[in-house]
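Data block below; observations after.
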Amino acid sequence: MTHPAENEATVYLIDDDASVRRSLARLIRDGGHVIETFASAEEFLASIPGRFVRPACAVVDLQMPGLGGLELQERLFERDRPCSVVFMSGNGSIEATVRAMRGGAVTFLTKPIHDEDLLAAIAEGLADHRRRLSAFLQTDEIRGRIATLSERERETMAWVITGALNKQIAGELDIAERTVKAHRSKVMEKMGVVSVAELVRLCDAVGFPQAG
Amino acid sequence: MSWVLVIWSASMGGCLILALMHLLIWCRDYRSLPNLLFPVIAFGIIAMGACELALMQVTSARSALGIIRTGHLFFGIVVPASLLFIHFLFETGRLWLLLLAICLRTAAVVANYTTGASLHFLSIETIEEVVFLGESVSMVGEAVQNPWVRLGQLSALAQIAYVSDASLRLWRKGGRTDRRRAIWIGGSTALLFLVAMVTVGMISAGALRAPMLVSFPFFGMVLAISYEMSRELQRTALLAVALETSERRLSLAGSAGRLAFWEWDLKRDAIWISEDGWRVFGIERTEPLGFQAFMQHIHEADRERVAEIVNASVENEGAFSVEFRVGGGKSAVRWLSASGKVEKDAAGGPFLFRGVSIDVSEKKEAEARAALQRSELTLLARASTLGALSGSLAHELNQPLTAILGNAQTGRRRLGAEQPDPGEMGEILDDIIGDTKRAGGIVHGMRAMFSRDAALELETVDLDSVIRASLLLINGEIVARKGVVDFASAPAPHRVMGRIVELQQVVINLVLNGLDASAPELRPGESPRVDIRIGEAGGGFVQVEVADNGPGIPAENRERLFEPFFSTKPERGGLGLGLSISRGIVERFGGTLEALPAAPGGGAVFRIRLPVCGAGDPSCDSGRPVA
C-alpha cells in the first residue's frame with residue numbers, strides 16, 4: 001500500500017505528551033509514512049532544514065508548554081516555502097481554529113483523533129505541500145530563464161508584456177525599431193514561448209514587473 | 001429585795017442562755033472549736049458565780065473553805081478554756097506560752113487540793129459579816145494564807161502575757177475584724193484576768209475586806225465575747241438571706257437557661273443535681289445517684305471520652321470542660337456543655353467535684369447548619385474554579401484518550417495484517433493500559449473535587465502530595481497559560497490534619513492566582529512563574545509559600561484581598577471568593593493564610609501555616625497518600 005512517491009515525504013509529529021507521540025507515531029508509521037517526533041515546537045524548529053525540498057507535513061498539538069502550536073505555525077510560515085501544518089487539540093476554541101486556518105493550516109483535528117481522519121489530513125497536507133513544491137519548482141525554472149536575458153532584453157520584455165508595439169518600445173527605449181524586433185525574438189526564444197500571452201503568464205507567475 | 005441574788009442570778013441566767021446558744025451552733029458545726037469552748041467558759045463562770053453566792057451565805061469556816069476550794073476548781077476550768085478559745089479564734093498565740101499558762105493553772109488546781117485547805121488559805125479562823133450592796137453578807141475574816149497562792153498568781157501572769165501577746169499580734173495583722181476582736185475579746189480577757197488576780201490576791205492577803213468577787217468581772221468577759229461572737233451570728237443570718245436570694249436566682253437561671261448545677265461527692269460517690277438539672281440531663285430523679293449510674297445516661301458514643309476527661313481532672317485536681325451528648329435510644333439526643341472543678345479537702349485530697357451543665361443543642365444545631373452552608377459555599381467555589389478549568393481539564397483528559405485511541409486503532413489494523421508481531425502488540429496493549437490508568441487518575445481527581453463528602457472528619461494529610469496532586473490537576477491550565485510552576489518537594493513528609501480536597505482547593509487557588517497576577521505584566525520572552533516552597537516554620541507549624549513574578553500586592557490591599565467578593569480581576573470573571581474561602585479552609589484546620597509584605601520589585605507571596613501533626617499522635621501515623 002505504500003506509494004513510491006510517498007517515501008520521499010516526511011511527517012513531523014510535535015506533541016509534549018510522550019504517550020500521544022508514541023501512539024500516533026505508530027499509527028502514522030503504519031499508514032506508510034516516514035515520521036519524526038518532537039516534544040516541543042522549539043526542538044522542531046531547530047532541527048528542520050531552512051527550506052523544504054521534499055514534501056513534508058507537520059502534525060502539531062495546539063497546547064504545549066513553551067511555544068504553542070499557533071506560534072509554531074507563525075514561525076514556520078515566516079520562513080521560505082514552509083511545509084503543511086495539521087493541528088490537533090483536545091480543546092480547540094473557535095478563535096484558535098480560525099487563527100489556525102487563516103494562518104494556512106490544512107485542517108484542525110479534535111482529540112481523540114480517528115485514525116482515518118488523521119491519515120486523510122496527513123495525505124491532504126502532503127499533497128498540498130507537494131503541489132506547492134512543484135509550483136516552486138516551476139517558478140525556479142522561469143527565474144532561471146529570466147536570468148539568461150541581457151539587460152536590454154529584460155527591458156524589452158518589460159514593455160512587451162504591457163502589450164506595447166515595437167514602434168512604441170523603440171520610442172521609449174530610444175533605440176531603433178529593428179533592434180527592438182531582434183531583442184523581442186531573442187526574449188521569446190530564451191523564455192521558450194511562442195506567444196505574448198504565454199510570456200505574460202510566465203512573468204505573472206514570478207511577479208516580473210511590467211514597464212511604465 | 002436581795003440585790004446580790006438578783007444580780008448574780010441574772011448574770012448566771014444570761015451566761016446560761018449564751019452558753020446554750022453557742023452549744024447549739026457547735027452541734028450543727030462540729031469543726032467550730034470556739035463555739036464549743038465558749039459554753040465551757042460560760043458554764044465554768046456560772047459555777048464560779050454559784051460558789052460565790054454560796055460563800056456570801058456561808059456561816060462556818062469549814063464550809064467556806066470547801067466552797068473556795070470548789071470555786072477554784074471551776075476557775076481552773078475557765079482559764080484553760082478561755083486560753084484555748086483565744087488560741088483557736090485568734091490563731092496568733094504562742095504555743096509555749098499557752099502551754100506554760102495551762103500547766104501553771106493545772107499545778108495551781110493540784111496545789112488547791114494538796115496543800116492547805118485551799119490554794120488561798122491554810123485555815124480560816126473567823127467568818128465576818130459585811131455590808132455589800134445594801135445587805136449583810138458573809139466573808140472570810142481571820143485566815144492564814146497558803147504560800148502556794150503564788151503559784152496561782154504566777155499562772156495569772158502567764159495567762160495575761162499569753163492573751164496580751166496573742167491580741168497584739170492579731171492587732172498587727174490589721175484586718176478590721178481582727179482589730180475589733182483583739183480589743184474586745186483579747187483586751188477584756190487580759191484585763192479581767194488582771195482584775196481577778198489583783199482582787200483575789202488582795203482579799204486572800206486580807207488587804208481588801210470584801211467577799212470573793214471573781215466571777216463577777218468574768219460575767220463581763222462572757223458578755224464581751226458573746227457580743228463579738230454574735231456578730232458572726234448576724235453575719236450568718238445575713239448570709240442565709242443572701243443565700244436564699246442567690247439560690248432563687250440560680251434556680252431561675254436553671255429553669256430559664258436550661259442549666260443544671262451538680263456536685264459529686266467523691267468519697268461517698270453520690271451525685272447531687274439541682275432541681276431543674278434533672279430535666280436538663282433527662283434523668284428520672286433517683287437517689288442516691290452514683291457516677292457509674294449517671295454515666296449510663298450519657299450517649300454511648302461520648303461515654304468513654306467524658307469518663308477519660310473527668311478522671312483526668314480528678315487525678316490532676318484541675319478544672320474540666322467538655323461537650324457531650326445525652327439521651328439516645330428512645331429519647332431525643334441533646335448536646336450538653338459541662339464545666340466543673342475539683343475541690344480539695346483540708347488534707348489536700350480531692351473530695352468534691354462541683355460544676356454546671358448547660359443544654360447547647362440549639363447552638364450545636366446552628367453550628368452544624370453553618371458548617372453545612374460553609375461546606376456548600378466551599379464546594380461551589382471549587383466547582384466554579386474547576387468550571388473555569390474545564391478546558392484545560394478536557395485537554396488533560398484528552399491526551400491519554402488520544403493515545404489510547406491511536407494505539408487501539410493501530411492494534412486493530414495490525415490484527416488485520418498477515419502476521420501481527422506479538423511483541424509489538426504487547427507494547428501497544430501496555431501503553432493502552434498505562435494511559436487508561438492515567439485518564440482514570442484525572443477523572444478521580446476531578447470527581448473528588450466535586451464531591452460533597454468533603455465535610456467529613458479531618459484526616460492526616462501529607463502536604464507535599466497534596467501540592468503534587470493539585471499541580472497535576474491544573475497541569476493543562478498551567479501549560480495553556482504558558483506558565484512555569486516550580487515546586488521543590490521536601491525529602492521528609494509534612495503531615496497535617498485536614499481534608500485533602502479542600503487543601504488542594506487552596507493550593508490550586510493560590511497557584512492560578514499567581515499565574516493570573518503575572519500574566520499582564522510580562523516582558524516578551526518571560527513566562528508567568530510561580531514558586532512553591534515548603535518547610536518547617538517552627539513552633540510546631542509547617543509552612544507553604546506560594547510566590548509569583550507579578551507586580552506584587554499594594555499594601556492597602558493586602559488584607560482586603562481576603563474579604564469576600566473583593567476581586568482584582570472582575571473582568572476575568574473572578575468571583576472574589578477564592579482567597580476568602582481559602583483562608584476559611586486553612587483556619588478550619590487550625591492554620592493561617594496571609595499575604596506577606598512584598599519585597600521591592602518582587603511579586604506576591606502567600607503563606608499558609610498549618611500545625612504539624614504531632615509525631616507521638618497515633619492518629620498521625622497513617623498519613624494517607626493522595627490518590
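Residue numbers start at 1 in each chain; chains themselves are named A, B, ... in the order of the C-alpha cells; ligands are numbered from 1 in the order shown.
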Can you check which parts of chain B lie within 12 Å of chain A? Per residue, the shortest pair of atoms and distance in Å to one decimal, counting only C-alpha atoms, sorted by chain and number, as CSV.
```
residue,atom,partner,partner_atom,distance
B:Leu389,CA,A:Asn91,CA,11.3
B:Ser390,CA,A:Asn91,CA,9.3
B:Gly391,CA,A:Asn91,CA,5.9
B:Ser392,CA,A:Asn91,CA,7.2
B:Leu393,CA,A:Asn91,CA,9.0
B:Ala394,CA,A:Asn91,CA,6.4
B:His395,CA,A:Gly90,CA,4.6
B:Glu396,CA,A:Gly90,CA,8.0
B:Leu397,CA,A:Gly90,CA,8.2
B:Asn398,CA,A:Gly90,CA,5.4
B:Gln399,CA,A:Val20,CA,6.4
B:Pro400,CA,A:Val20,CA,6.9
B:Leu401,CA,A:Pro112,CA,5.8
B:Thr402,CA,A:Pro112,CA,4.0
B:Ala403,CA,A:Val20,CA,4.4
B:Ile404,CA,A:Ser23,CA,7.4
B:Leu405,CA,A:Pro112,CA,6.6
B:Gly406,CA,A:Ser23,CA,5.4
B:Asn407,CA,A:Ser23,CA,5.1
B:Ala408,CA,A:Ser23,CA,8.8
B:Gln409,CA,A:Asp115,CA,6.6
B:Thr410,CA,A:Leu27,CA,5.3
B:Gly411,CA,A:Leu27,CA,8.9
B:Arg412,CA,A:Leu27,CA,10.5
B:Arg413,CA,A:Asp30,CA,8.5
B:Arg414,CA,A:Asp30,CA,8.3
B:Ala417,CA,A:Asp30,CA,10.6
B:Glu424,CA,A:Arg26,CA,10.1
B:Met425,CA,A:Arg26,CA,11.2
B:Glu427,CA,A:Ser23,CA,10.3
B:Ile428,CA,A:Ser23,CA,7.9
B:Leu429,CA,A:Ser23,CA,10.7
B:Asp430,CA,A:Ser19,CA,11.1
B:Asp431,CA,A:Ser19,CA,7.4
B:Ile432,CA,A:Ser23,CA,9.0
B:Ile433,CA,A:Ser19,CA,11.3
B:Gly434,CA,A:Ser19,CA,8.9
B:Asp435,CA,A:Ser19,CA,7.4
B:Thr436,CA,A:Ser19,CA,11.0
B:Arg438,CA,A:Ser19,CA,10.4
B:Ala439,CA,A:Ser19,CA,11.8
B:Asn475,CA,A:Pro65,CA,9.9
B:Gly476,CA,A:Gln63,CA,8.2
B:Glu477,CA,A:Gln63,CA,9.7
B:Ile478,CA,A:Pro65,CA,8.2
B:Val479,CA,A:Pro65,CA,4.9
B:Ala480,CA,A:Gln63,CA,6.0
B:Arg481,CA,A:Pro65,CA,8.5
B:Lys482,CA,A:Pro65,CA,5.8
B:Gly483,CA,A:Pro65,CA,7.7
B:Val484,CA,A:Pro65,CA,8.5
B:Val485,CA,A:Pro65,CA,11.3
B:Gly525,CA,A:Gly66,CA,9.7
B:Glu526,CA,A:Gly66,CA,10.2
B:Ser527,CA,A:Gly66,CA,8.6
B:Pro528,CA,A:Gly66,CA,11.2
```
Applying 6 Å and only C-alpha atoms, which residues near stretch 134-149 of chain A remain after dropping the ones on its own chain fewer than 5 positions away? List them as a list in words.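 Once the nearby chain positions are removed, what remains is Arg154, Met191 and Val206 of chain A.
With distances taken over only C-alpha atoms, A:Lys186 is the one residue among A:Lys186, A:Phe87, A:Cys57, A:Arg99 lying closest to A:Ser150.
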When DSSP works through the backbone of this structure, what residues of stretch 188-386 of chain B end up as strand (DSSP E), shown as a VMD selection string? chain B and resid 259 to 265 270 to 273 319 to 328 331 to 344 350 to 359
Quick one: residues within 12 Å of A:Ser84, only C-alpha atoms counted, chain neighbours fewer than 5 positions away excluded, as a ChimeraX atom specification? /A:9-13,52,54-60,72-73,76-77,100-101,103-107,121-133
With C-alpha atoms retained, could you export that selection as a PDB file, in the first residue's frame?
```pdb
ATOM      1  CA  ALA A   9       7.756  12.552   2.198  1.00  0.00           C
ATOM      2  CA  THR A  10       8.230  13.111   5.946  1.00  0.00           C
ATOM      3  CA  VAL A  11       5.632  13.596   8.650  1.00  0.00           C
ATOM      4  CA  TYR A  12       6.661  15.587  11.735  1.00  0.00           C
ATOM      5  CA  LEU A  13       4.707  14.981  14.920  1.00  0.00           C
ATOM      6  CA  PHE A  52      11.857  22.095   2.412  1.00  0.00           C
ATOM      7  CA  ARG A  54      10.776  17.240  -0.105  1.00  0.00           C
ATOM      8  CA  PRO A  55       7.095  17.039   0.744  1.00  0.00           C
ATOM      9  CA  ALA A  56       6.505  17.337   4.478  1.00  0.00           C
ATOM     10  CA  CYS A  57       3.587  17.734   6.857  1.00  0.00           C
ATOM     11  CA  ALA A  58       3.772  18.814  10.492  1.00  0.00           C
ATOM     12  CA  VAL A  59       1.129  17.426  12.869  1.00  0.00           C
ATOM     13  CA  VAL A  60       1.123  19.863  15.776  1.00  0.00           C
ATOM     14  CA  LEU A  72       4.959  27.377  15.732  1.00  0.00           C
ATOM     15  CA  GLN A  73       2.830  27.925  12.646  1.00  0.00           C
ATOM     16  CA  LEU A  76       7.231  28.296  10.262  1.00  0.00           C
ATOM     17  CA  PHE A  77       5.366  30.490   7.806  1.00  0.00           C
ATOM     18  CA  ALA A 100      -5.005  28.336  12.564  1.00  0.00           C
ATOM     19  CA  MET A 101      -6.993  28.122   9.334  1.00  0.00           C
ATOM     20  CA  GLY A 103      -2.622  31.037   9.059  1.00  0.00           C
ATOM     21  CA  GLY A 104      -2.798  28.406   6.354  1.00  0.00           C
ATOM     22  CA  ALA A 105      -3.342  25.190   8.266  1.00  0.00           C
ATOM     23  CA  VAL A 106      -4.564  22.213   6.318  1.00  0.00           C
ATOM     24  CA  THR A 107      -7.099  21.193   8.901  1.00  0.00           C
ATOM     25  CA  ALA A 121      -5.358  15.015   6.878  1.00  0.00           C
ATOM     26  CA  ILE A 122      -1.725  13.995   6.526  1.00  0.00           C
ATOM     27  CA  ALA A 123      -2.353  12.866   2.961  1.00  0.00           C
ATOM     28  CA  GLU A 124      -4.003  16.185   2.199  1.00  0.00           C
ATOM     29  CA  GLY A 125      -1.189  18.090   3.837  1.00  0.00           C
ATOM     30  CA  LEU A 126       1.452  16.211   1.895  1.00  0.00           C
ATOM     31  CA  ALA A 127      -0.449  16.643  -1.366  1.00  0.00           C
ATOM     32  CA  ASP A 128      -0.747  20.331  -0.698  1.00  0.00           C
ATOM     33  CA  HIS A 129       2.933  20.702   0.043  1.00  0.00           C
ATOM     34  CA  ARG A 130       3.791  18.622  -2.978  1.00  0.00           C
ATOM     35  CA  ARG A 131       1.659  20.957  -5.126  1.00  0.00           C
ATOM     36  CA  ARG A 132       3.319  23.975  -3.666  1.00  0.00           C
ATOM     37  CA  LEU A 133       6.754  22.438  -4.124  1.00  0.00           C
TER      38      LEU A 133
END
```
Excluding same-chain residues fewer than 3 positions from stretch 27-33 of chain B, what lies within 10 Å of it counting only C-alpha atoms, as a PyMOL selection string? chain B and resi 21-24+36-38+84-85+88-89
Out of stretch 122-195 of chain A, which residues get helix (DSSP H, G or I) from DSSP, as a PyMOL selection string? chain A and resi 122-147+151-160+166-173+177-191
